[in-house]
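Pasting final_16.cif here (mmCIF, C-alpha atoms and all ligand atoms):
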data_target
loop_
_atom_site.group_PDB
_atom_site.id
_atom_site.type_symbol
_atom_site.label_atom_id
_atom_site.label_comp_id
_atom_site.auth_asym_id
_atom_site.auth_seq_id
_atom_site.Cartn_x
_atom_site.Cartn_y
_atom_site.Cartn_z
ATOM 1 C CA THR A 1 23.128 -62.659 6.974
ATOM 2 C CA VAL A 2 22.165 -66.186 7.861
ATOM 3 C CA GLU A 3 24.779 -67.637 5.566
ATOM 4 C CA LYS A 4 27.419 -65.634 7.319
ATOM 5 C CA ARG A 5 26.480 -67.073 10.693
ATOM 6 C CA THR A 6 26.292 -70.680 9.672
ATOM 7 C CA ALA A 7 29.371 -70.880 7.495
ATOM 8 C CA GLY A 8 32.325 -72.698 8.943
ATOM 9 C CA ASP A 9 32.124 -75.934 10.840
ATOM 10 C CA ARG A 10 29.275 -77.548 12.776
ATOM 11 C CA ASN A 11 27.957 -74.482 14.474
ATOM 12 C CA GLU A 12 25.257 -75.829 16.701
ATOM 13 C CA GLY A 13 23.223 -73.290 18.530
ATOM 14 C CA VAL A 14 25.021 -73.672 21.843
ATOM 15 C CA LYS A 15 24.669 -70.647 24.136
ATOM 16 C CA TYR A 16 26.114 -69.632 27.497
ATOM 17 C CA LYS A 17 23.128 -71.163 29.266
ATOM 18 C CA ASP A 18 24.224 -74.568 27.912
ATOM 19 C CA ILE A 19 27.550 -74.426 29.729
ATOM 20 C CA GLY A 20 27.673 -75.508 33.355
ATOM 21 C CA GLY A 21 30.134 -74.891 36.147
ATOM 22 C CA LEU A 22 32.270 -72.332 34.354
ATOM 23 C CA SER A 23 30.657 -69.014 35.210
ATOM 24 C CA GLY A 24 33.930 -67.396 36.316
ATOM 25 C CA GLN A 25 35.634 -68.467 33.101
ATOM 26 C CA LEU A 26 32.712 -67.276 31.013
ATOM 27 C CA SER A 27 32.728 -63.811 32.593
ATOM 28 C CA ARG A 28 36.417 -63.428 31.865
ATOM 29 C CA ILE A 29 36.011 -64.631 28.314
ATOM 30 C CA ARG A 30 33.025 -62.395 27.683
ATOM 31 C CA GLU A 31 34.939 -59.391 28.908
ATOM 32 C CA MET A 32 37.973 -60.263 26.788
ATOM 33 C CA ILE A 33 36.223 -61.300 23.588
ATOM 34 C CA GLU A 34 32.600 -60.314 23.536
ATOM 35 C CA LEU A 35 33.013 -56.706 24.650
ATOM 36 C CA PRO A 36 35.628 -55.819 22.024
ATOM 37 C CA LEU A 37 33.718 -57.717 19.314
ATOM 38 C CA ARG A 38 30.581 -55.774 20.098
ATOM 39 C CA PHE A 39 31.991 -52.391 21.015
ATOM 40 C CA PRO A 40 35.281 -51.960 19.158
ATOM 41 C CA GLN A 41 34.915 -48.151 19.257
ATOM 42 C CA ALA A 42 34.882 -48.193 23.051
ATOM 43 C CA PHE A 43 38.182 -50.033 23.166
ATOM 44 C CA LEU A 44 39.746 -47.757 20.565
ATOM 45 C CA ARG A 45 38.615 -44.755 22.606
ATOM 46 C CA LEU A 46 40.070 -46.242 25.778
ATOM 47 C CA GLY A 47 43.328 -47.064 24.081
ATOM 48 C CA VAL A 48 43.037 -50.633 25.339
ATOM 49 C CA GLU A 49 44.062 -53.335 22.924
ATOM 50 C CA PRO A 50 41.681 -56.248 22.977
ATOM 51 C CA PRO A 51 43.316 -59.666 22.827
ATOM 52 C CA LYS A 52 43.932 -61.295 19.476
ATOM 53 C CA GLY A 53 44.427 -64.696 20.984
ATOM 54 C CA VAL A 54 43.054 -66.536 23.988
ATOM 55 C CA LEU A 55 44.349 -69.903 25.118
ATOM 56 C CA LEU A 56 41.903 -72.243 26.857
ATOM 57 C CA TYR A 57 43.612 -75.090 28.615
ATOM 58 C CA GLY A 58 42.345 -78.027 30.569
ATOM 59 C CA PRO A 59 41.613 -81.741 30.365
ATOM 60 C CA PRO A 60 39.607 -83.219 27.471
ATOM 61 C CA GLY A 61 35.845 -82.878 27.605
ATOM 62 C CA THR A 62 35.699 -79.921 29.991
ATOM 63 C CA GLY A 63 33.979 -77.585 27.535
ATOM 64 C CA LYS A 64 36.679 -75.676 25.664
ATOM 65 C CA THR A 65 35.070 -76.188 22.285
ATOM 66 C CA VAL A 66 31.583 -75.345 23.516
ATOM 67 C CA ILE A 67 32.876 -72.124 25.079
ATOM 68 C CA ALA A 68 34.346 -71.001 21.754
ATOM 69 C CA LYS A 69 31.156 -71.904 19.902
ATOM 70 C CA ALA A 70 28.959 -70.222 22.472
ATOM 71 C CA VAL A 71 30.894 -66.958 22.252
ATOM 72 C CA ALA A 72 30.474 -67.036 18.464
ATOM 73 C CA ASN A 73 26.769 -67.800 18.694
ATOM 74 C CA GLU A 74 26.079 -65.192 21.337
ATOM 75 C CA THR A 75 27.932 -62.468 19.447
ATOM 76 C CA GLU A 76 26.747 -63.670 16.018
ATOM 77 C CA ALA A 77 30.353 -63.782 14.949
ATOM 78 C CA TRP A 78 31.447 -65.986 12.091
ATOM 79 C CA PHE A 79 32.981 -69.175 13.454
ATOM 80 C CA THR A 80 35.568 -71.442 11.975
ATOM 81 C CA HIS A 81 37.082 -74.500 13.580
ATOM 82 C CA ILE A 82 40.394 -76.107 12.693
ATOM 83 C CA SER A 83 42.371 -78.690 14.556
ATOM 84 C CA GLY A 84 46.098 -78.867 15.016
ATOM 85 C CA PRO A 85 46.434 -82.477 13.846
ATOM 86 C CA GLU A 86 44.313 -81.745 10.780
ATOM 87 C CA ILE A 87 46.603 -78.906 9.722
ATOM 88 C CA ILE A 88 49.799 -80.758 10.364
ATOM 89 C CA GLY A 89 48.680 -83.741 8.298
ATOM 90 C CA LYS A 90 48.880 -81.866 5.022
ATOM 91 C CA TYR A 91 51.482 -82.142 2.306
ATOM 92 C CA TYR A 92 54.471 -79.870 2.006
ATOM 93 C CA GLY A 93 53.381 -76.238 1.978
ATOM 94 C CA GLU A 94 49.711 -77.123 2.308
ATOM 95 C CA SER A 95 49.588 -76.611 6.065
ATOM 96 C CA GLU A 96 50.654 -72.981 5.828
ATOM 97 C CA GLN A 97 48.339 -72.402 2.902
ATOM 98 C CA ARG A 98 45.416 -73.824 4.855
ATOM 99 C CA LEU A 99 46.185 -71.526 7.785
ATOM 100 C CA ARG A 100 46.415 -68.492 5.522
ATOM 101 C CA GLN A 101 43.122 -69.448 3.941
ATOM 102 C CA VAL A 102 41.427 -69.723 7.352
ATOM 103 C CA PHE A 103 42.666 -66.280 8.375
ATOM 104 C CA GLU A 104 41.653 -64.743 5.041
ATOM 105 C CA GLU A 105 38.161 -66.183 5.348
ATOM 106 C CA ALA A 106 37.884 -64.884 8.894
ATOM 107 C CA GLN A 107 38.993 -61.448 7.732
ATOM 108 C CA ALA A 108 36.399 -61.451 4.972
ATOM 109 C CA HIS A 109 33.620 -62.432 7.388
ATOM 110 C CA ALA A 110 34.667 -60.376 10.432
ATOM 111 C CA PRO A 111 33.706 -60.189 13.199
ATOM 112 C CA SER A 112 35.000 -63.731 13.430
ATOM 113 C CA ILE A 113 36.238 -66.320 15.823
ATOM 114 C CA ILE A 114 38.871 -68.778 14.703
ATOM 115 C CA PHE A 115 38.980 -71.808 16.961
ATOM 116 C CA ILE A 116 42.138 -73.928 16.882
ATOM 117 C CA ASP A 117 41.651 -77.174 18.762
ATOM 118 C CA GLU A 118 44.682 -79.161 19.980
ATOM 119 C CA ILE A 119 47.038 -76.330 19.151
ATOM 120 C CA ASP A 120 49.854 -78.288 20.827
ATOM 121 C CA ALA A 121 49.948 -80.479 17.702
ATOM 122 C CA ILE A 122 51.065 -77.601 15.499
ATOM 123 C CA ALA A 123 53.020 -75.679 18.028
ATOM 124 C CA PRO A 124 55.337 -77.840 20.066
ATOM 125 C CA LYS A 125 58.251 -75.899 21.517
ATOM 126 C CA ARG A 126 60.636 -75.033 18.751
ATOM 127 C CA GLU A 127 63.708 -76.047 20.665
ATOM 128 C CA GLU A 128 62.256 -79.533 20.954
ATOM 129 C CA MET A 129 61.891 -79.803 17.232
ATOM 130 C CA GLY A 130 64.565 -81.835 15.614
ATOM 131 C CA GLY A 131 65.218 -81.942 11.898
ATOM 132 C CA GLU A 132 62.172 -84.102 11.361
ATOM 133 C CA LYS A 133 59.972 -81.392 12.846
ATOM 134 C CA GLN A 134 60.315 -79.087 9.862
ATOM 135 C CA VAL A 135 56.589 -78.994 9.221
ATOM 136 C CA GLU A 136 55.771 -77.884 12.762
ATOM 137 C CA ARG A 137 58.471 -75.238 12.593
ATOM 138 C CA ARG A 138 57.040 -73.749 9.423
ATOM 139 C CA VAL A 139 53.492 -73.920 10.663
ATOM 140 C CA VAL A 140 54.372 -72.156 13.915
ATOM 141 C CA ALA A 141 56.157 -69.434 11.936
ATOM 142 C CA GLN A 142 53.145 -69.027 9.674
ATOM 143 C CA LEU A 143 50.725 -68.848 12.582
ATOM 144 C CA LEU A 144 52.900 -66.248 14.323
ATOM 145 C CA ALA A 145 53.037 -64.161 11.156
ATOM 146 C CA LEU A 146 49.281 -64.355 10.700
ATOM 147 C CA MET A 147 48.607 -63.368 14.301
ATOM 148 C CA ASP A 148 51.062 -60.493 14.113
ATOM 149 C CA GLY A 149 49.351 -59.342 10.936
ATOM 150 C CA LEU A 150 45.921 -59.153 12.589
ATOM 151 C CA GLN A 151 44.835 -55.657 13.446
ATOM 152 C CA ALA A 152 44.302 -55.340 17.162
ATOM 153 C CA ARG A 153 40.715 -54.240 16.819
ATOM 154 C CA GLY A 154 39.099 -57.241 18.432
ATOM 155 C CA GLN A 155 37.258 -58.046 15.213
ATOM 156 C CA ILE A 156 39.046 -61.344 14.778
ATOM 157 C CA VAL A 157 39.815 -63.404 17.818
ATOM 158 C CA VAL A 158 41.719 -66.645 17.732
ATOM 159 C CA ILE A 159 40.734 -69.030 20.496
ATOM 160 C CA ALA A 160 43.056 -71.984 20.893
ATOM 161 C CA ALA A 161 42.561 -75.014 23.087
ATOM 162 C CA THR A 162 45.000 -77.489 24.531
ATOM 163 C CA ASN A 163 45.348 -80.144 27.193
ATOM 164 C CA LEU A 164 49.070 -79.448 27.350
ATOM 165 C CA PRO A 165 49.679 -75.720 27.850
ATOM 166 C CA ASN A 166 53.320 -76.279 28.719
ATOM 167 C CA SER A 167 54.148 -78.023 25.496
ATOM 168 C CA ILE A 168 53.295 -74.996 23.398
ATOM 169 C CA ASP A 169 55.956 -72.839 21.838
ATOM 170 C CA PRO A 170 56.447 -69.899 24.239
ATOM 171 C CA ALA A 171 56.651 -67.578 21.221
ATOM 172 C CA LEU A 172 52.926 -68.165 20.763
ATOM 173 C CA ARG A 173 52.229 -66.917 24.267
ATOM 174 C CA ARG A 174 53.976 -63.566 23.950
ATOM 175 C CA PRO A 175 52.098 -60.233 23.972
ATOM 176 C CA GLY A 176 49.960 -59.685 20.912
ATOM 177 C CA ARG A 177 49.541 -63.422 20.375
ATOM 178 C CA PHE A 178 47.924 -65.857 22.799
ATOM 179 C CA ASP A 179 48.530 -63.504 25.673
ATOM 180 C CA ARG A 180 45.417 -64.394 27.704
ATOM 181 C CA GLU A 181 44.985 -67.785 29.245
ATOM 182 C CA VAL A 182 41.915 -69.236 30.822
ATOM 183 C CA PRO A 183 42.044 -72.567 32.643
ATOM 184 C CA VAL A 184 39.041 -74.795 32.017
ATOM 185 C CA PRO A 185 39.190 -77.245 34.905
ATOM 186 C CA ILE A 186 37.439 -80.459 35.806
ATOM 187 C CA PRO A 187 34.137 -79.438 37.399
ATOM 188 C CA ASP A 188 33.583 -79.557 41.150
ATOM 189 C CA ARG A 189 30.410 -80.933 42.756
ATOM 190 C CA LYS A 190 28.412 -77.782 42.123
ATOM 191 C CA GLY A 191 29.681 -77.582 38.541
ATOM 192 C CA ARG A 192 28.723 -81.205 37.956
ATOM 193 C CA GLU A 193 25.232 -80.536 39.236
ATOM 194 C CA GLU A 194 24.845 -77.566 36.881
ATOM 195 C CA ILE A 195 26.068 -79.647 33.953
ATOM 196 C CA LEU A 196 23.687 -82.501 34.851
ATOM 197 C CA GLN A 197 20.817 -80.037 34.997
ATOM 198 C CA ILE A 198 21.705 -78.782 31.527
ATOM 199 C CA HIS A 199 21.988 -82.227 29.976
ATOM 200 C CA THR A 200 18.780 -83.552 31.527
ATOM 201 C CA ARG A 201 16.821 -80.377 30.781
ATOM 202 C CA GLY A 202 14.536 -81.906 28.201
ATOM 203 C CA MET A 203 14.306 -85.349 29.815
ATOM 204 C CA PRO A 204 11.369 -86.861 31.702
ATOM 205 C CA LEU A 205 13.266 -87.542 34.931
ATOM 206 C CA ALA A 206 11.565 -89.581 37.622
ATOM 207 C CA ARG A 207 10.415 -87.427 40.532
ATOM 208 C CA ASP A 208 12.872 -88.949 42.964
ATOM 209 C CA VAL A 209 15.953 -88.332 40.835
ATOM 210 C CA ASP A 210 18.314 -86.235 42.903
ATOM 211 C CA LEU A 211 20.852 -84.568 40.639
ATOM 212 C CA SER A 212 22.795 -83.146 43.563
ATOM 213 C CA ARG A 213 23.304 -86.686 44.860
ATOM 214 C CA ILE A 214 24.494 -87.827 41.430
ATOM 215 C CA ALA A 215 26.830 -84.839 41.288
ATOM 216 C CA GLU A 216 28.234 -85.937 44.635
ATOM 217 C CA VAL A 217 29.130 -89.449 43.488
ATOM 218 C CA THR A 218 30.578 -88.524 40.087
ATOM 219 C CA HIS A 219 33.848 -87.059 41.297
ATOM 220 C CA GLY A 220 36.262 -86.758 38.374
ATOM 221 C CA PHE A 221 33.582 -86.711 35.682
ATOM 222 C CA VAL A 222 33.965 -83.917 33.122
ATOM 223 C CA GLY A 223 31.144 -82.323 31.140
ATOM 224 C CA ALA A 224 31.490 -84.803 28.296
ATOM 225 C CA ASP A 225 31.202 -87.730 30.757
ATOM 226 C CA LEU A 226 28.125 -86.257 32.413
ATOM 227 C CA GLU A 227 26.487 -85.763 29.052
ATOM 228 C CA VAL A 228 27.092 -89.434 28.244
ATOM 229 C CA LEU A 229 25.767 -90.456 31.668
ATOM 230 C CA ALA A 230 22.487 -88.600 31.034
ATOM 231 C CA LYS A 231 22.124 -90.084 27.558
ATOM 232 C CA GLU A 232 22.871 -93.597 28.798
ATOM 233 C CA ALA A 233 20.231 -93.263 31.487
ATOM 234 C CA ALA A 234 17.728 -92.178 28.847
ATOM 235 C CA MET A 235 18.626 -95.129 26.627
ATOM 236 C CA ALA A 236 18.303 -97.500 29.583
ATOM 237 C CA ALA A 237 14.796 -96.181 30.197
ATOM 238 C CA LEU A 238 13.939 -96.721 26.547
ATOM 239 C CA ARG A 239 15.292 -100.262 26.650
ATOM 240 C CA GLY A 240 13.102 -100.818 29.666
ATOM 241 C CA ILE A 241 9.965 -100.285 27.624
ATOM 242 C CA MET A 242 11.301 -101.675 24.338
ATOM 243 C CA PRO A 243 13.287 -104.702 25.482
ATOM 244 C CA SER A 244 13.535 -106.378 22.095
ATOM 245 C CA MET A 245 14.595 -103.339 20.026
ATOM 246 C CA ASP A 246 13.734 -105.040 16.775
ATOM 247 C CA PHE A 247 15.022 -102.530 14.273
ATOM 248 C CA GLU A 248 13.330 -104.256 11.313
ATOM 249 C CA ASP A 249 9.909 -104.032 12.861
ATOM 250 C CA PRO A 250 10.015 -101.797 15.912
ATOM 251 C CA GLN A 251 6.989 -102.045 18.138
ATOM 252 C CA VAL A 252 7.006 -98.612 19.655
ATOM 253 C CA PRO A 253 4.757 -98.583 22.716
ATOM 254 C CA TYR A 254 3.671 -94.983 22.357
ATOM 255 C CA ASP A 255 1.425 -95.044 25.405
ATOM 256 C CA ARG A 256 4.287 -96.230 27.609
ATOM 257 C CA LEU A 257 6.634 -93.756 25.969
ATOM 258 C CA ARG A 258 4.355 -90.952 27.107
ATOM 259 C CA THR A 259 4.603 -91.980 30.734
ATOM 260 C CA MET A 260 8.204 -93.209 30.633
ATOM 261 C CA GLU A 261 10.494 -91.867 33.317
ATOM 262 C CA ILE A 262 14.247 -91.824 33.567
ATOM 263 C CA ASP A 263 15.223 -93.054 37.005
ATOM 264 C CA MET A 264 19.063 -92.891 36.936
ATOM 265 C CA LYS A 265 19.038 -95.486 39.673
ATOM 266 C CA ASN A 266 22.498 -96.718 38.792
ATOM 267 C CA PHE A 267 23.903 -93.397 39.870
ATOM 268 C CA SER A 268 21.838 -92.238 42.799
ATOM 269 C CA SER A 269 22.110 -95.200 45.127
HETATM 270 P P1 LIG B 1 38.680 -81.727 23.893
HETATM 271 O O1 LIG B 1 39.930 -81.254 24.572
HETATM 272 O O2 LIG B 1 38.514 -83.211 23.887
HETATM 273 O O3 LIG B 1 38.417 -81.078 22.556
HETATM 274 P P2 LIG B 1 36.772 -79.919 25.073
HETATM 275 O O4 LIG B 1 37.210 -79.336 26.355
HETATM 276 O O5 LIG B 1 36.817 -79.061 23.861
HETATM 277 O O6 LIG B 1 37.491 -81.290 24.868
HETATM 278 P P3 LIG B 1 34.008 -80.102 24.474
HETATM 279 O O7 LIG B 1 34.159 -80.636 23.089
HETATM 280 O O8 LIG B 1 33.678 -78.674 24.617
HETATM 281 O O9 LIG B 1 35.303 -80.432 25.304
HETATM 282 O O10 LIG B 1 32.955 -80.974 25.291
HETATM 283 C C1 LIG B 1 32.402 -82.179 24.774
HETATM 284 C C2 LIG B 1 30.912 -82.226 25.082
HETATM 285 O O11 LIG B 1 30.709 -82.328 26.484
HETATM 286 C C3 LIG B 1 30.216 -80.944 24.661
HETATM 287 O O12 LIG B 1 29.615 -81.097 23.415
HETATM 288 C C4 LIG B 1 29.196 -80.712 25.756
HETATM 289 O O13 LIG B 1 27.962 -81.247 25.391
HETATM 290 C C5 LIG B 1 29.720 -81.465 26.945
HETATM 291 N N1 LIG B 1 30.310 -80.536 27.924
HETATM 292 C C6 LIG B 1 31.617 -80.429 28.237
HETATM 293 N N2 LIG B 1 31.821 -79.511 29.187
HETATM 294 C C7 LIG B 1 30.604 -79.001 29.490
HETATM 295 C C8 LIG B 1 30.151 -77.997 30.403
HETATM 296 N N3 LIG B 1 30.996 -77.348 31.193
HETATM 297 N N4 LIG B 1 28.824 -77.749 30.441
HETATM 298 C C9 LIG B 1 27.967 -78.418 29.651
HETATM 299 N N5 LIG B 1 28.330 -79.369 28.780
HETATM 300 C C10 LIG B 1 29.633 -79.658 28.692
#
As structure tokens - that is how I would like this structure written.
Amino acid sequence: TVEKRTAGDRNEGVKYKDIGGLSGQLSRIREMIELPLRFPQAFLRLGVEPPKGVLLYGPPGTGKTVIAKAVANETEAWFTHISGPEIIGKYYGESEQRLRQVFEEAQAHAPSIIFIDEIDAIAPKREEMGGEKQVERRVVAQLLALMDGLQARGQIVVIAATNLPNSIDPALRRPGRFDREVPVPIPDRKGREEILQIHTRGMPLARDVDLSRIAEVTHGFVGADLEVLAKEAAMAALRGIMPSMDFEDPQVPYDRLRTMEIDMKNFSS
């Protein structure tokens, strides 16, 4: 049902085609998550246990969240999003209860994807937890219990994301838990060009805009940065035809808007 697909957090309609520069990662993830979600019988027949948990790791803004959302959208799985810091900020006992509630909801709506962003916040290595880390200790234990309790049928997959894979409790990375890991790196030149193409798809770019040139000079930019770059260029073009931007009484020059072009000259020189 529609309700089933849209429940959970902001579930924008992002699809695989909206993700650039990560085709290798996407194939692996599709094989690990999408196949078992769609054809659980095949995996049962093969005697292969699909993963319950997949850990995506890489720098901020590289697309970990969009990957998780895209898998949910493409498979029409129910999607729920929680963040480590959000869980840990609860009062005594509430963190575990919230986790249990998330897993129960996912079970009720299966097939489901549970996305845990910044999992390092709830799962720092247990040996590093002093007395004041009681909350984290309990939350890790609860998460482990919930993951162990999931039936290995591929109908509920927990995707976790982190920038700090090495600061996660190793117990979470054992078999039957987050036992698959997929690095989500900073994009290379070709990846940046793909991402720029995606984020300028609907924009009236000037004819001489050369996205491959922009990709070349944006070394170190991640997907989130490239998205901002495209939006900034669009806003600059708009400012060009509406210099005053009087919000009380905007004079929108519709004729110029029709012929407006985005030149991106700050980035292609
Ligand atoms: P964080 O660790 O900060 O949560 P993240 O890796 O989850 O970061 P996202 O939230 O997925 O990053 O990315 C932020 C935004 O940047 C996305 O909404 C998307 O529009 C854009 N973006 C990031 N990576 C890509 C990509 N590979 N292709 C297309 N767009 C991307």
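Applied to this file, the PyMOL selection byres (((chain A and resi 16-27) around 6) and not hetatm) selects the residues A:Lys15, A:Arg28, A:Ile29, A:Arg30, A:Ala70, A:Gly191, A:Glu194, A:Ile195.
In this model, the gap between CA of Phe39 in chain A and CA of Val66 in chain A comes to 23.1 Å.
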Subject >> Length of the CA of Pro59 in chain A to CA of Thr162 in chain A vector [Å] >> reply: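 About the pair CA of Pro59 in chain A and CA of Thr162 in chain A: they are 8.0 Å apart.
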Original post:
Which of these, A:Gly220, A:Pro183, A:Gly58, A:Pro111, has the shortest distance to ligand LIG 1 (chain B) once you count only C-alpha atoms and all ligand atoms?
Top reply: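 The answer is A:Gly58, which sits nearest to ligand LIG 1 (chain B).
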With 10 Å as the cut-off and only C-alpha atoms and all ligand atoms counted, what is the closest atom pair between each nearby residue of chain A and ligand LIG 1 (chain B)? Distances in Å to one decimal, ordered by chain and number, as JSON lines.
{"residue": "A:Glu12", "atom": "CA", "partner": "B:LIG1", "partner_atom": "O12", "distance": 9.6}
{"residue": "A:Val14", "atom": "CA", "partner": "B:LIG1", "partner_atom": "O13", "distance": 8.9}
{"residue": "A:Tyr16", "atom": "CA", "partner": "B:LIG1", "partner_atom": "N4", "distance": 9.0}
{"residue": "A:Lys17", "atom": "CA", "partner": "B:LIG1", "partner_atom": "C9", "distance": 8.7}
{"residue": "A:Asp18", "atom": "CA", "partner": "B:LIG1", "partner_atom": "C9", "distance": 5.6}
{"residue": "A:Ile19", "atom": "CA", "partner": "B:LIG1", "partner_atom": "N4", "distance": 3.6}
{"residue": "A:Gly20", "atom": "CA", "partner": "B:LIG1", "partner_atom": "N4", "distance": 3.9}
{"residue": "A:Gly21", "atom": "CA", "partner": "B:LIG1", "partner_atom": "N3", "distance": 5.6}
{"residue": "A:Leu22", "atom": "CA", "partner": "B:LIG1", "partner_atom": "N3", "distance": 6.1}
{"residue": "A:Ser23", "atom": "CA", "partner": "B:LIG1", "partner_atom": "N3", "distance": 9.3}
{"residue": "A:Leu56", "atom": "CA", "partner": "B:LIG1", "partner_atom": "O4", "distance": 8.5}
{"residue": "A:Tyr57", "atom": "CA", "partner": "B:LIG1", "partner_atom": "O4", "distance": 8.0}
{"residue": "A:Gly58", "atom": "CA", "partner": "B:LIG1", "partner_atom": "O4", "distance": 6.8}
{"residue": "A:Pro59", "atom": "CA", "partner": "B:LIG1", "partner_atom": "O1", "distance": 6.1}
{"residue": "A:Pro60", "atom": "CA", "partner": "B:LIG1", "partner_atom": "O1", "distance": 3.5}
{"residue": "A:Gly61", "atom": "CA", "partner": "B:LIG1", "partner_atom": "O9", "distance": 3.4}
{"residue": "A:Thr62", "atom": "CA", "partner": "B:LIG1", "partner_atom": "O4", "distance": 4.0}
{"residue": "A:Gly63", "atom": "CA", "partner": "B:LIG1", "partner_atom": "O8", "distance": 3.1}
{"residue": "A:Lys64", "atom": "CA", "partner": "B:LIG1", "partner_atom": "O4", "distance": 3.8}
{"residue": "A:Thr65", "atom": "CA", "partner": "B:LIG1", "partner_atom": "O8", "distance": 3.7}
{"residue": "A:Val66", "atom": "CA", "partner": "B:LIG1", "partner_atom": "O8", "distance": 4.1}
{"residue": "A:Ile67", "atom": "CA", "partner": "B:LIG1", "partner_atom": "O8", "distance": 6.6}
{"residue": "A:Ala68", "atom": "CA", "partner": "B:LIG1", "partner_atom": "O8", "distance": 8.2}
{"residue": "A:Lys69", "atom": "CA", "partner": "B:LIG1", "partner_atom": "O8", "distance": 8.6}
{"residue": "A:Ala70", "atom": "CA", "partner": "B:LIG1", "partner_atom": "O8", "distance": 9.9}
{"residue": "A:Ser83", "atom": "CA", "partner": "B:LIG1", "partner_atom": "O3", "distance": 9.2}
{"residue": "A:Ile116", "atom": "CA", "partner": "B:LIG1", "partner_atom": "O3", "distance": 9.9}
{"residue": "A:Asp117", "atom": "CA", "partner": "B:LIG1", "partner_atom": "O3", "distance": 6.3}
{"residue": "A:Glu118", "atom": "CA", "partner": "B:LIG1", "partner_atom": "O1", "distance": 6.9}
{"residue": "A:Ala160", "atom": "CA", "partner": "B:LIG1", "partner_atom": "O5", "distance": 9.9}
{"residue": "A:Ala161", "atom": "CA", "partner": "B:LIG1", "partner_atom": "O1", "distance": 6.9}
{"residue": "A:Thr162", "atom": "CA", "partner": "B:LIG1", "partner_atom": "O1", "distance": 6.3}
{"residue": "A:Asn163", "atom": "CA", "partner": "B:LIG1", "partner_atom": "O1", "distance": 6.1}
{"residue": "A:Leu164", "atom": "CA", "partner": "B:LIG1", "partner_atom": "O1", "distance": 9.7}
{"residue": "A:Val184", "atom": "CA", "partner": "B:LIG1", "partner_atom": "O4", "distance": 7.5}
{"residue": "A:Pro185", "atom": "CA", "partner": "B:LIG1", "partner_atom": "N3", "distance": 9.0}
{"residue": "A:Ile186", "atom": "CA", "partner": "B:LIG1", "partner_atom": "N3", "distance": 8.5}
{"residue": "A:Pro187", "atom": "CA", "partner": "B:LIG1", "partner_atom": "N3", "distance": 7.3}
{"residue": "A:Gly191", "atom": "CA", "partner": "B:LIG1", "partner_atom": "N3", "distance": 7.5}
{"residue": "A:Arg192", "atom": "CA", "partner": "B:LIG1", "partner_atom": "N3", "distance": 8.1}
{"residue": "A:Glu193", "atom": "CA", "partner": "B:LIG1", "partner_atom": "N4", "distance": 9.9}
{"residue": "A:Glu194", "atom": "CA", "partner": "B:LIG1", "partner_atom": "N4", "distance": 7.6}
{"residue": "A:Ile195", "atom": "CA", "partner": "B:LIG1", "partner_atom": "N4", "distance": 4.9}
{"residue": "A:Leu196", "atom": "CA", "partner": "B:LIG1", "partner_atom": "C9", "distance": 7.9}
{"residue": "A:Gln197", "atom": "CA", "partner": "B:LIG1", "partner_atom": "C9", "distance": 9.1}
{"residue": "A:Ile198", "atom": "CA", "partner": "B:LIG1", "partner_atom": "C9", "distance": 6.5}
{"residue": "A:His199", "atom": "CA", "partner": "B:LIG1", "partner_atom": "N5", "distance": 7.1}
{"residue": "A:Phe221", "atom": "CA", "partner": "B:LIG1", "partner_atom": "N2", "distance": 9.9}
{"residue": "A:Val222", "atom": "CA", "partner": "B:LIG1", "partner_atom": "N2", "distance": 6.3}
{"residue": "A:Gly223", "atom": "CA", "partner": "B:LIG1", "partner_atom": "N2", "distance": 3.5}
{"residue": "A:Ala224", "atom": "CA", "partner": "B:LIG1", "partner_atom": "O11", "distance": 3.2}
{"residue": "A:Asp225", "atom": "CA", "partner": "B:LIG1", "partner_atom": "O11", "distance": 6.9}
{"residue": "A:Leu226", "atom": "CA", "partner": "B:LIG1", "partner_atom": "C5", "distance": 7.4}
{"residue": "A:Glu227", "atom": "CA", "partner": "B:LIG1", "partner_atom": "C5", "distance": 5.8}
{"residue": "A:Val228", "atom": "CA", "partner": "B:LIG1", "partner_atom": "O11", "distance": 8.2}
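With the shown file loaded, the PyMOL selection byres (((chain A and resi 175) around 12) and not hetatm) picks out Glu49, Pro50, Pro51, Lys52, Gly53, Val54, Leu144, Met147, Asp148, Ala152, Pro170, Ala171, Leu172, Arg173, Arg174, Gly176, Arg177, Phe178, Asp179, Arg180 and Glu181 of chain A.
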Those residues you just picked out, can you put them in a file as an mmCIF file, in the coordinates of the input with C-alpha atoms?
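Dumped everything to selection_7.cif:
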data_model
loop_
_atom_site.group_PDB
_atom_site.id
_atom_site.type_symbol
_atom_site.label_atom_id
_atom_site.label_comp_id
_atom_site.auth_asym_id
_atom_site.auth_seq_id
_atom_site.Cartn_x
_atom_site.Cartn_y
_atom_site.Cartn_z
ATOM 1 C CA GLU A 49 44.062 -53.335 22.924
ATOM 2 C CA PRO A 50 41.681 -56.248 22.977
ATOM 3 C CA PRO A 51 43.316 -59.666 22.827
ATOM 4 C CA LYS A 52 43.932 -61.295 19.476
ATOM 5 C CA GLY A 53 44.427 -64.696 20.984
ATOM 6 C CA VAL A 54 43.054 -66.536 23.988
ATOM 7 C CA LEU A 144 52.900 -66.248 14.323
ATOM 8 C CA MET A 147 48.607 -63.368 14.301
ATOM 9 C CA ASP A 148 51.062 -60.493 14.113
ATOM 10 C CA ALA A 152 44.302 -55.340 17.162
ATOM 11 C CA PRO A 170 56.447 -69.899 24.239
ATOM 12 C CA ALA A 171 56.651 -67.578 21.221
ATOM 13 C CA LEU A 172 52.926 -68.165 20.763
ATOM 14 C CA ARG A 173 52.229 -66.917 24.267
ATOM 15 C CA ARG A 174 53.976 -63.566 23.950
ATOM 16 C CA GLY A 176 49.960 -59.685 20.912
ATOM 17 C CA ARG A 177 49.541 -63.422 20.375
ATOM 18 C CA PHE A 178 47.924 -65.857 22.799
ATOM 19 C CA ASP A 179 48.530 -63.504 25.673
ATOM 20 C CA ARG A 180 45.417 -64.394 27.704
ATOM 21 C CA GLU A 181 44.985 -67.785 29.245
#
